[in-house]
$ cat entry-v1.txt   # compact mmCIF, C-alpha atoms
# COMPACT_ATOMS: atom_id res chain seq x y z
CA MET K 171 33.53 -22.85 30.35
CA ILE K 172 33.44 -26.05 28.29
CA ASP K 173 34.46 -29.07 30.36
CA HIS K 174 33.92 -32.84 30.60
CA THR K 175 30.17 -32.39 31.20
CA HIS K 176 29.83 -31.28 27.56
CA ASP K 177 31.56 -34.37 26.14
CA VAL K 178 29.50 -35.56 23.15
CA GLU K 179 30.46 -39.16 23.96
CA ALA K 180 29.08 -38.98 27.51
CA THR K 181 26.06 -41.20 28.18
CA SER K 182 23.79 -41.84 31.15
CA TRP K 183 22.21 -44.97 32.64
CA VAL K 184 18.88 -43.12 32.52
CA ALA K 185 16.72 -44.07 29.55
CA ASP K 186 16.63 -41.30 26.91
CA GLY K 187 19.32 -39.44 28.84
CA SER K 188 21.95 -39.75 26.12
CA GLY K 189 21.00 -37.19 23.50
CA THR K 190 17.68 -38.49 22.15
CA ASN K 191 15.51 -35.68 23.51
CA ASP K 192 15.75 -32.17 24.99
CA PHE K 193 17.41 -33.28 28.21
CA PRO K 194 20.53 -35.41 27.66
CA ILE K 195 23.19 -35.64 30.36
CA GLN K 196 24.97 -32.65 28.78
CA ASN K 197 21.98 -30.42 29.67
CA LEU K 198 20.71 -31.09 33.24
CA PRO K 199 18.24 -28.16 33.54
CA TRP K 200 16.73 -27.20 36.89
CA GLY K 201 13.08 -27.05 37.90
CA VAL K 202 10.76 -27.25 40.90
CA CYS K 203 7.73 -29.48 41.38
CA SER K 204 4.95 -29.13 43.94
CA LYS K 205 5.53 -32.55 45.56
CA HIS K 206 9.30 -33.12 45.52
CA GLY K 207 10.80 -29.64 45.50
CA ILE K 208 13.91 -29.11 43.37
CA VAL K 209 14.40 -31.51 40.45
CA VAL K 210 16.88 -31.81 37.56
CA ALA K 211 15.71 -33.15 34.18
CA ILE K 212 17.44 -36.11 32.54
CA GLY K 213 15.84 -37.83 29.55
CA ASP K 214 12.11 -38.18 30.25
CA GLN K 215 12.74 -38.37 33.99
CA ALA K 216 14.06 -36.09 36.73
CA VAL K 217 16.44 -36.43 39.66
CA VAL K 218 14.69 -35.58 42.94
CA LEU K 219 17.39 -33.73 44.86
CA ARG K 220 15.90 -34.48 48.28
CA SER K 221 15.91 -38.21 47.52
CA ALA K 222 19.50 -38.13 46.28
CA LEU K 223 20.57 -36.30 49.43
CA ASP K 224 18.57 -38.57 51.77
CA GLN K 225 20.26 -41.63 50.28
CA ASN K 226 23.71 -40.02 50.39
CA LYS K 227 24.05 -40.29 46.63
CA LEU K 228 24.96 -36.60 46.70
CA GLN K 229 26.95 -35.07 49.55
CA PHE K 230 27.74 -31.40 49.96
CA ALA K 231 28.51 -28.81 52.62
CA ASP K 232 25.59 -27.84 54.86
CA ASP K 233 24.77 -24.56 53.09
CA ILE K 234 24.52 -26.30 49.72
CA THR K 235 22.48 -29.16 51.14
CA LEU K 236 20.01 -26.77 52.78
CA ALA K 237 19.62 -24.83 49.52
CA LEU K 238 18.95 -28.03 47.56
CA ARG K 239 16.26 -29.09 50.03
CA ALA K 240 14.36 -25.82 49.62
CA SER K 241 11.02 -25.41 47.84
CA ASP K 242 12.46 -23.03 45.23
CA LEU K 243 15.82 -22.30 43.60
CA ASN K 244 16.50 -18.86 45.06
CA ASP K 245 18.88 -19.97 47.83
CA PHE K 246 20.80 -22.31 45.53
CA MET K 247 21.12 -19.67 42.80
CA SER K 248 22.43 -17.18 45.36
CA LEU K 249 25.44 -19.42 46.12
CA GLY K 250 27.20 -18.42 42.91
CA GLN K 251 28.79 -19.92 39.84
CA GLU K 252 31.45 -22.06 41.54
CA ILE K 253 28.77 -23.88 43.55
CA TRP K 254 26.46 -24.27 40.52
CA THR K 255 29.34 -25.89 38.62
CA LEU K 256 30.31 -28.08 41.59
CA VAL K 257 26.78 -29.48 41.86
CA ARG K 258 26.49 -29.91 38.08
CA HIS K 259 29.67 -32.00 38.09
CA ALA K 260 28.39 -34.13 40.98
CA LEU K 261 25.07 -34.77 39.20
CA PHE K 262 26.90 -35.60 35.98
CA GLU K 263 29.02 -38.24 37.73
CA LEU K 264 25.98 -39.66 39.55
CA LEU K 265 24.07 -40.07 36.28
CA ARG K 266 27.04 -41.73 34.56
CA GLY K 267 27.80 -44.17 37.39
CA GLU K 268 25.93 -47.12 38.83
CA PRO K 269 22.15 -46.93 38.29
CA VAL K 270 20.17 -45.52 41.22
CA PRO K 271 16.59 -45.52 39.86
CA GLU K 272 15.07 -44.76 43.26
CA ILE K 273 16.22 -41.12 43.05
CA LEU K 274 14.21 -40.57 39.84
CA CYS K 275 10.63 -39.78 38.97
CA LEU K 276 8.93 -39.50 35.60
CA GLN K 277 8.54 -35.95 34.31
CA SER K 278 5.02 -36.85 33.20
CA GLU K 279 4.12 -37.33 36.88
CA LEU K 280 5.48 -33.95 38.00
CA ARG K 281 3.40 -30.82 38.52
CA LEU K 282 6.05 -28.27 37.74
CA VAL K 283 5.68 -24.87 39.40
CA MET K 284 7.55 -21.58 39.27
CA PRO K 285 11.23 -22.45 39.71
CA ALA K 286 11.99 -19.35 41.76
CA LYS K 287 10.35 -16.52 43.64
CA ILE K 288 10.63 -13.63 41.18
CA GLY K 289 11.08 -10.45 43.18
CA ASP K 290 11.54 -8.15 40.18
CA TYR K 291 11.06 -8.52 36.45
CA THR K 292 12.54 -6.21 33.82
CA ASP K 293 11.75 -6.58 30.13
CA PHE K 294 14.07 -5.22 27.45
CA TYR K 295 13.63 -4.29 23.80
CA ALA K 296 16.87 -5.78 22.58
CA ALA K 297 16.31 -6.96 18.98
CA ARG K 298 17.02 -4.31 16.36
CA ASN K 299 14.89 -6.04 13.70
CA HIS K 300 11.81 -5.93 15.95
CA ALA K 301 12.41 -2.32 16.97
CA THR K 302 12.96 -1.33 13.32
CA ASN K 303 9.76 -3.02 12.14
CA VAL K 304 7.69 -1.43 14.88
CA GLY K 305 9.27 1.95 14.17
CA LYS K 306 8.42 1.66 10.47
CA MET K 307 4.78 0.93 11.33
CA PHE K 308 4.27 3.80 13.74
CA ARG K 309 6.81 6.34 12.41
CA PRO K 310 6.83 5.69 8.64
CA ASP K 311 8.21 9.12 7.81
CA GLY K 312 11.08 9.15 10.28
CA ASP K 313 13.96 7.09 11.60
CA PRO K 314 12.43 3.81 12.80
CA LEU K 315 14.89 3.59 15.71
CA MET K 316 14.76 6.09 18.53
CA PRO K 317 17.98 8.13 19.02
CA ASN K 318 19.06 6.15 22.08
CA TYR K 319 18.47 2.65 20.69
CA LEU K 320 21.98 1.80 19.52
CA HIS K 321 23.61 3.40 22.56
CA LEU K 322 21.95 1.47 25.41
CA PRO K 323 19.64 -1.51 26.04
CA VAL K 324 16.14 -0.04 26.37
CA GLY K 325 13.89 -1.67 28.97
CA TYR K 326 11.01 -1.18 31.39
CA HIS K 327 10.09 -2.60 34.77
CA GLY K 328 7.48 -5.33 34.32
CA ARG K 329 5.09 -7.00 36.73
CA ALA K 330 6.64 -10.00 38.54
CA SER K 331 3.30 -11.07 40.05
CA SER K 332 1.86 -11.94 36.63
CA VAL K 333 4.73 -14.17 35.46
CA VAL K 334 3.20 -17.65 35.20
CA ILE K 335 4.37 -21.16 34.36
CA THR K 336 3.71 -22.91 31.05
CA GLY K 337 0.20 -24.35 30.65
CA THR K 338 -1.45 -21.54 32.60
CA GLU K 339 -4.55 -20.35 30.74
CA ILE K 340 -4.51 -16.68 29.77
CA THR K 341 -7.70 -14.66 30.20
CA ARG K 342 -8.17 -12.00 27.53
CA PRO K 343 -7.70 -8.70 29.41
CA HIS K 344 -10.02 -5.71 29.51
CA GLY K 345 -8.54 -2.30 28.97
CA GLN K 346 -9.11 1.29 27.98
CA LEU K 347 -9.18 1.44 24.20
CA LYS K 348 -9.25 4.46 21.89
CA PRO K 349 -11.29 3.98 18.69
CA ASP K 350 -10.14 5.86 15.61
CA GLU K 351 -13.20 8.07 16.04
CA GLY K 352 -14.76 9.10 19.35
CA ASP K 353 -13.87 8.88 23.03
CA PRO K 354 -12.02 6.06 24.81
CA ILE K 355 -14.00 2.98 25.86
CA PHE K 356 -13.42 0.20 28.41
CA ALA K 357 -13.73 -3.19 26.71
CA PRO K 358 -11.99 -6.52 26.14
CA CYS K 359 -8.71 -6.28 24.23
CA LYS K 360 -9.24 -6.86 20.51
CA LEU K 361 -5.57 -6.94 19.42
CA LEU K 362 -4.07 -9.62 21.65
CA ASP K 363 -0.57 -10.74 20.69
CA TYR K 364 2.28 -13.02 21.72
CA GLU K 365 5.94 -12.05 21.92
CA LEU K 366 8.73 -14.57 21.38
CA GLU K 367 11.30 -13.89 24.07
CA PHE K 368 13.75 -15.49 26.47
CA GLY K 369 14.25 -14.70 30.13
CA ALA K 370 17.45 -14.85 32.16
CA PHE K 371 17.31 -15.65 35.87
CA ILE K 372 19.70 -13.73 38.08
CA GLY K 373 21.74 -16.09 40.25
CA CYS K 374 23.79 -14.05 42.68
CA GLY K 375 22.99 -10.37 42.74
CA ASN K 376 24.75 -7.21 43.86
CA THR K 377 24.42 -4.83 46.78
CA MET K 378 22.88 -1.39 46.37
CA GLY K 379 25.42 1.03 44.93
CA GLU K 380 27.51 -1.75 43.40
CA ARG K 381 27.77 -2.27 39.65
CA ILE K 382 27.92 -5.58 37.81
CA THR K 383 30.47 -5.08 35.03
CA MET K 384 30.76 -6.79 31.68
CA ASP K 385 33.79 -8.69 33.01
CA ASP K 386 31.63 -10.82 35.29
CA ALA K 387 28.04 -10.25 34.13
CA MET K 388 27.68 -13.77 32.73
CA GLU K 389 28.75 -15.21 36.10
CA HIS K 390 25.72 -13.56 37.71
CA LEU K 391 23.28 -15.29 35.32
CA PHE K 392 22.10 -18.71 36.48
CA GLY K 393 20.24 -19.76 33.35
CA ILE K 394 17.68 -19.14 30.62
CA VAL K 395 13.98 -19.92 30.08
CA ILE K 396 11.58 -19.40 27.19
CA LEU K 397 9.36 -16.35 27.74
CA ASN K 398 6.08 -15.36 26.06
CA ASP K 399 5.28 -11.76 26.96
CA TRP K 400 1.57 -11.56 26.06
CA SER K 401 0.66 -8.08 24.84
CA ALA K 402 -2.58 -6.11 24.41
CA ARG K 403 -1.65 -3.99 21.41
CA ASP K 404 -4.75 -1.76 21.41
CA VAL K 405 -4.33 -1.02 25.12
CA GLN K 406 -0.63 -0.37 24.54
CA LYS K 407 -1.24 2.03 21.65
CA TRP K 408 -3.43 4.29 23.78
CA GLU K 409 -1.54 4.18 27.06
CA TYR K 410 2.18 4.07 26.21
CA GLN K 411 2.77 7.83 25.90
CA PRO K 412 4.79 9.14 27.68
CA LEU K 413 6.03 6.44 30.09
CA GLY K 414 5.83 3.25 28.02
CA PRO K 415 4.12 -0.12 28.62
CA PHE K 416 1.78 -0.50 31.60
CA ASN K 417 -1.54 -2.42 31.59
CA ALA K 418 -0.86 -3.73 28.08
CA LYS K 419 1.92 -5.87 29.54
CA ASN K 420 0.95 -6.57 33.15
CA PHE K 421 -1.72 -9.28 32.82
CA ALA K 422 0.45 -12.31 31.94
CA SER K 423 3.94 -13.39 30.91
CA THR K 424 4.50 -17.14 30.53
CA ILE K 425 7.81 -18.94 31.11
CA SER K 426 8.96 -22.51 30.50
CA PRO K 427 9.54 -24.53 33.70
CA TRP K 428 13.09 -25.82 33.12
CA ILE K 429 15.99 -23.39 33.57
CA VAL K 430 18.79 -24.29 31.16
CA THR K 431 21.96 -23.17 32.90
CA ILE K 432 24.68 -20.93 31.52
CA ASP K 433 27.04 -23.86 32.22
CA ALA K 434 25.01 -26.12 29.90
CA LEU K 435 25.00 -23.40 27.22
CA ALA K 436 28.81 -23.05 27.18
CA PRO K 437 29.25 -24.79 23.79
CA PHE K 438 26.68 -22.46 22.24
CA ARG K 439 28.19 -19.11 23.24
CA LYS K 440 29.44 -16.74 20.55
CA ASN K 441 31.10 -13.36 20.27
CA GLY K 442 28.90 -10.39 19.68
CA PRO K 443 26.33 -9.08 19.34
CA ALA K 444 27.05 -8.05 15.76
CA ARG K 445 26.92 -4.35 14.97
CA LEU K 446 26.99 -2.49 11.67
CA ASP K 447 29.96 -0.39 10.59
CA SER K 448 27.66 2.63 10.66
CA ASP K 449 26.57 2.03 14.26
CA PRO K 450 27.85 4.41 16.95
CA PRO K 451 30.70 3.07 19.11
CA LEU K 452 29.70 1.48 22.42
CA LEU K 453 30.62 3.18 25.65
CA GLU K 454 33.29 1.21 27.49
CA TYR K 455 30.98 -0.16 30.22
CA LEU K 456 28.95 -2.01 27.54
CA GLN K 457 31.88 -3.39 25.52
CA PRO K 458 31.71 -7.23 25.31
CA VAL K 459 34.68 -8.97 26.92
CA THR K 460 33.56 -12.61 26.71
CA GLU K 461 31.40 -14.74 24.41
CA ASP K 462 28.09 -13.25 25.56
CA VAL K 463 25.76 -14.25 22.71
CA LEU K 464 23.73 -17.43 23.27
CA ASP K 465 22.97 -19.28 20.03
CA VAL K 466 19.52 -20.72 20.78
CA ASN K 467 17.06 -21.71 18.04
CA CYS K 468 13.35 -21.20 18.66
CA SER K 469 9.99 -21.61 16.97
CA VAL K 470 6.40 -20.57 17.62
CA SER K 471 3.31 -22.53 16.57
CA ILE K 472 -0.42 -21.85 16.86
CA SER K 473 -3.46 -24.11 17.01
CA SER K 474 -7.04 -22.91 17.08
CA ALA K 475 -9.77 -24.66 19.07
CA THR K 476 -11.15 -26.06 15.80
CA MET K 477 -7.75 -27.39 14.76
CA ARG K 478 -7.35 -29.21 18.05
CA SER K 479 -10.86 -30.70 17.92
CA ASP K 480 -10.18 -31.91 14.36
CA ASP K 481 -6.76 -33.26 15.36
CA VAL K 482 -4.99 -30.89 12.94
CA GLU K 483 -1.31 -30.29 13.62
CA ALA K 484 -0.32 -26.85 14.93
CA THR K 485 0.91 -24.32 12.34
CA GLN K 486 4.37 -22.81 12.70
CA LEU K 487 4.33 -19.01 12.77
CA THR K 488 7.92 -18.10 13.55
CA LYS K 489 11.38 -19.62 13.47
CA SER K 490 14.15 -17.45 14.86
CA SER K 491 17.24 -17.40 17.06
CA LEU K 492 18.25 -15.74 20.31
CA SER K 493 21.42 -14.69 18.49
CA ASN K 494 19.29 -12.09 16.65
CA LEU K 495 19.48 -9.88 19.74
CA THR K 496 21.30 -6.58 19.32
CA TRP K 497 22.03 -6.46 23.06
CA SER K 498 23.16 -9.52 25.03
CA PHE K 499 21.89 -10.49 28.48
CA ALA K 500 25.31 -9.51 29.82
CA GLN K 501 24.91 -5.99 28.40
CA MET K 502 21.35 -5.77 29.75
CA LEU K 503 22.57 -6.69 33.23
CA ALA K 504 25.58 -4.37 33.10
CA HIS K 505 23.37 -1.46 32.03
CA HIS K 506 20.62 -2.32 34.54
CA THR K 507 23.11 -2.15 37.41
CA SER K 508 25.17 0.75 36.05
CA THR K 509 23.37 3.05 38.49
CA GLY K 510 24.01 0.70 41.40
CA CYS K 511 20.53 -0.83 41.13
CA PRO K 512 20.49 -3.96 43.35
CA MET K 513 19.57 -7.27 41.69
CA ASN K 514 18.49 -10.24 43.76
CA SER K 515 18.59 -13.98 43.28
CA GLY K 516 15.51 -15.00 41.29
CA ASP K 517 15.05 -11.67 39.51
CA LEU K 518 14.13 -12.12 35.85
CA ILE K 519 15.21 -10.07 32.84
CA GLY K 520 13.45 -10.52 29.50
CA SER K 521 15.04 -10.12 26.09
CA GLY K 522 12.19 -8.35 24.35
CA THR K 523 10.69 -9.70 21.13
CA ILE K 524 13.20 -11.66 19.05
CA SER K 525 12.89 -11.05 15.31
CA GLY K 526 15.22 -11.83 12.45
CA GLU K 527 15.57 -10.24 9.04
CA THR K 528 13.09 -12.49 7.20
CA LYS K 529 9.32 -12.36 7.52
CA ASP K 530 9.07 -15.89 8.93
CA SER K 531 11.50 -14.95 11.71
CA ARG K 532 9.37 -12.10 13.09
CA GLY K 533 8.54 -12.74 16.72
CA CYS K 534 4.95 -11.49 17.10
CA LEU K 535 1.71 -11.12 15.13
CA LEU K 536 2.06 -7.33 15.08
CA GLU K 537 5.04 -7.83 12.76
CA LEU K 538 3.94 -11.02 10.99
CA THR K 539 0.63 -9.46 9.88
CA TRP K 540 2.04 -5.92 9.67
CA ARG K 541 -0.53 -4.42 12.07
CA GLY K 542 -3.21 -6.75 10.72
CA THR K 543 -2.93 -5.69 7.07
CA GLU K 544 -1.44 -9.04 5.98
CA PRO K 545 -3.50 -11.74 7.77
CA LEU K 546 -2.26 -15.30 8.16
CA ASP K 547 -4.25 -18.29 6.89
CA LEU K 548 -4.77 -21.25 9.25
CA PRO K 549 -5.63 -24.83 8.19
CA ASP K 550 -9.16 -24.53 9.61
CA GLY K 551 -10.03 -21.88 7.02
CA THR K 552 -9.78 -18.93 9.41
CA GLN K 553 -7.36 -16.03 9.34
CA ARG K 554 -5.34 -14.41 12.09
CA ARG K 555 -4.46 -10.77 12.42
CA PHE K 556 -4.24 -11.12 16.20
CA LEU K 557 -5.06 -13.91 18.66
CA GLN K 558 -8.62 -15.20 19.04
CA ASP K 559 -10.21 -16.93 22.02
CA GLY K 560 -9.28 -20.60 22.10
CA ASP K 561 -5.94 -20.09 20.32
CA GLU K 562 -3.01 -21.94 21.85
CA LEU K 563 0.56 -20.72 21.39
CA THR K 564 3.56 -23.00 21.89
CA ILE K 565 7.18 -21.86 21.85
CA GLU K 566 9.98 -24.42 21.66
CA ALA K 567 13.74 -23.85 21.86
CA TRP K 568 16.90 -25.86 21.38
CA CYS K 569 20.64 -25.57 20.74
CA GLU K 570 22.57 -27.64 18.22
CA SER K 571 26.08 -27.65 16.84
CA ASP K 572 28.35 -29.99 14.90
CA SER K 573 30.70 -30.07 17.88
CA ALA K 574 28.18 -30.39 20.74
CA THR K 575 25.24 -32.53 21.82
CA ARG K 576 21.85 -31.05 21.03
CA ILE K 577 20.06 -29.74 24.13
CA GLY K 578 16.55 -28.32 24.49
CA PHE K 579 14.43 -26.11 26.70
CA GLY K 580 11.14 -28.02 26.52
CA SER K 581 8.17 -25.84 25.61
CA CYS K 582 6.24 -22.79 26.75
CA THR K 583 2.48 -22.96 26.12
CA GLY K 584 -0.56 -20.82 26.83
CA ARG K 585 -4.20 -20.89 25.71
CA ILE K 586 -6.45 -17.83 25.40
CA LEU K 587 -9.69 -17.77 27.39
CA PRO K 588 -12.51 -15.28 26.71
CA ALA K 589 -12.56 -12.01 28.66
$ encode --input "entry-v1.txt" --output "structure tokens"
Amino acid sequence: MIDHTHDVEATSWVADGSGTNDFPIQNLPWGVCSKHGIVVAIGDQAVVLRSALDQNKLQFADDITLALRASDLNDFMSLGQEIWTLVRHALFELLRGEPVPEILCLQSELRLVMPAKIGDYTDFYAARNHATNVGKMFRPDGDPLMPNYLHLPVGYHGRASSVVITGTEITRPHGQLKPDEGDPIFAPCKLLDYELEFGAFIGCGNTMGERITMDDAMEHLFGIVILNDWSARDVQKWEYQPLGPFNAKNFASTISPWIVTIDALAPFRKNGPARLDSDPPLLEYLQPVTEDVLDVNCSVSISSATMRSDDVEATQLTKSSLSNLTWSFAQMLAHHTSTGCPMNSGDLIGSGTISGETKDSRGCLLELTWRGTEPLDLPDGTQRRFLQDGDELTIEAWCESDSATRIGFGSCTGRILPA
């Protein structure tokens, strides 16, 4: 719901907290740092919740106070949307009032860690353009989309233990590979890829046997992070039949550290997702009832080790939008729990690779280079079909509108180390 915290005229006493960077007062994303616990970004600084509570600059009921003093966001997220909004409003008023610089610390001095304990992680395959491109590559003589694709959000259970925070170095995985000729071998992955995605953190969950319906699915989502689901394409090609991704996806998935809340994203929600006239009708339990689409812009850039040593600017690979999803996070959650599957606070659901209709909006190298047949040229004179050791990927995301203040997500970065 859009309210006074989205007012484009609102300003903060915090330097750079008034719309000049990713974190104006209209945003207020949540994170966790190793020293101070829970923090909220504003400008180039962050509110330390424990300090604000100790100095009585924020006052809440005991259960809220205990949750805000915790070392992760799980307890706070479990309190539900009314409490999230209550605390957002209190922070907004604090940052508009009399200056209290002693509750702040510089973001540059923070060692940000995982914002929540992720009990379970599910990754979806929710962008039709990506699924269509992949289908054309591997099934050129048939329908690129599988028969179920337009009827339900397809997903698989990922590996929560390998979700890591931005800046974590990614070791090239080993795997069982199948050469075109001969028997399988065990060797380092040769076709390492990135996937441009977003992840949604579950706030309050549901009990076993209970469904989360489309009427209130968005109220169960606390917020959104950037997600890079690193993928070993050659491992995946050999192993995925008949049960889908396994070791090709379990070695690392990187997320950005700041959770941009659903409250902050209210001005950037749209109806949808769009479907074609020829698409089959949705079953009732997946019919959108609110503005479920999040209009978030995103870009991916790459820099090689040589480019960084020569101080050459990173090269943009992809520019896309979260609104390219065919299935919304609300539909993913409604389908995930349609069996009564219990979701818990801190669980993460991934969007799957986000690709648009144009080549420069494709969300992974598999698509951008069309399985390596159309290599990309980098400024250092090298080409990329897939990622090489030393490559660094950075994903950035932001929302902007004529009627709202621009807000951002920060960045999500990872560098490839040799096997």
$ closest_residue --input "entry-v1.txt" --among "K:Leu487, K:Leu503, K:Met284, K:Leu397" --to "K:Ser331" --atoms "all atoms listed in the file"
K:Met284
$ residues_near_point --input "entry-v1.txt" --point "(28.6, -43.4, 43.4)" --cutoff "12 Å" --atoms "all atoms listed in the file" --output "ChimeraX atom specification"
/K:222,225-229,260-270
$ closest_residue --input "entry-v1.txt" --among "K:Ser423, K:Thr507, K:Thr583, K:Ser571" --to "K:Ser473" --atoms "only C-alpha atoms"
K:Thr583
$ atom_distance --input "entry-v1.txt" --atom1 "atom CA of K:Asn420" --atom2 "atom CA of K:Lys348"
18.8 Å
$ atom_distance --input "entry-v1.txt" --atom1 "atom CA of K:Asp186" --atom2 "atom CA of K:Ser426"
20.6 Å
$ residues_around --input "entry-v1.txt" --residues "K:Glu380" --least-positions-apart "3" --cutoff "7 Å" --atoms "all atoms listed in the file" --output "JSON, numbers by chain"
{"K": [376, 377, 510]}
$ residues_around --input "entry-v1.txt" --residues "stretch 323-330 of chain K" --least-positions-apart "5" --cutoff "7 Å" --atoms "all atoms listed in the file" --output "list in words"
Ile288, Gly289, Asp290, Tyr291, Thr292, Asp293, Phe294, Tyr295, Ala296, Asn420, Trp497 and Met502 of chain K
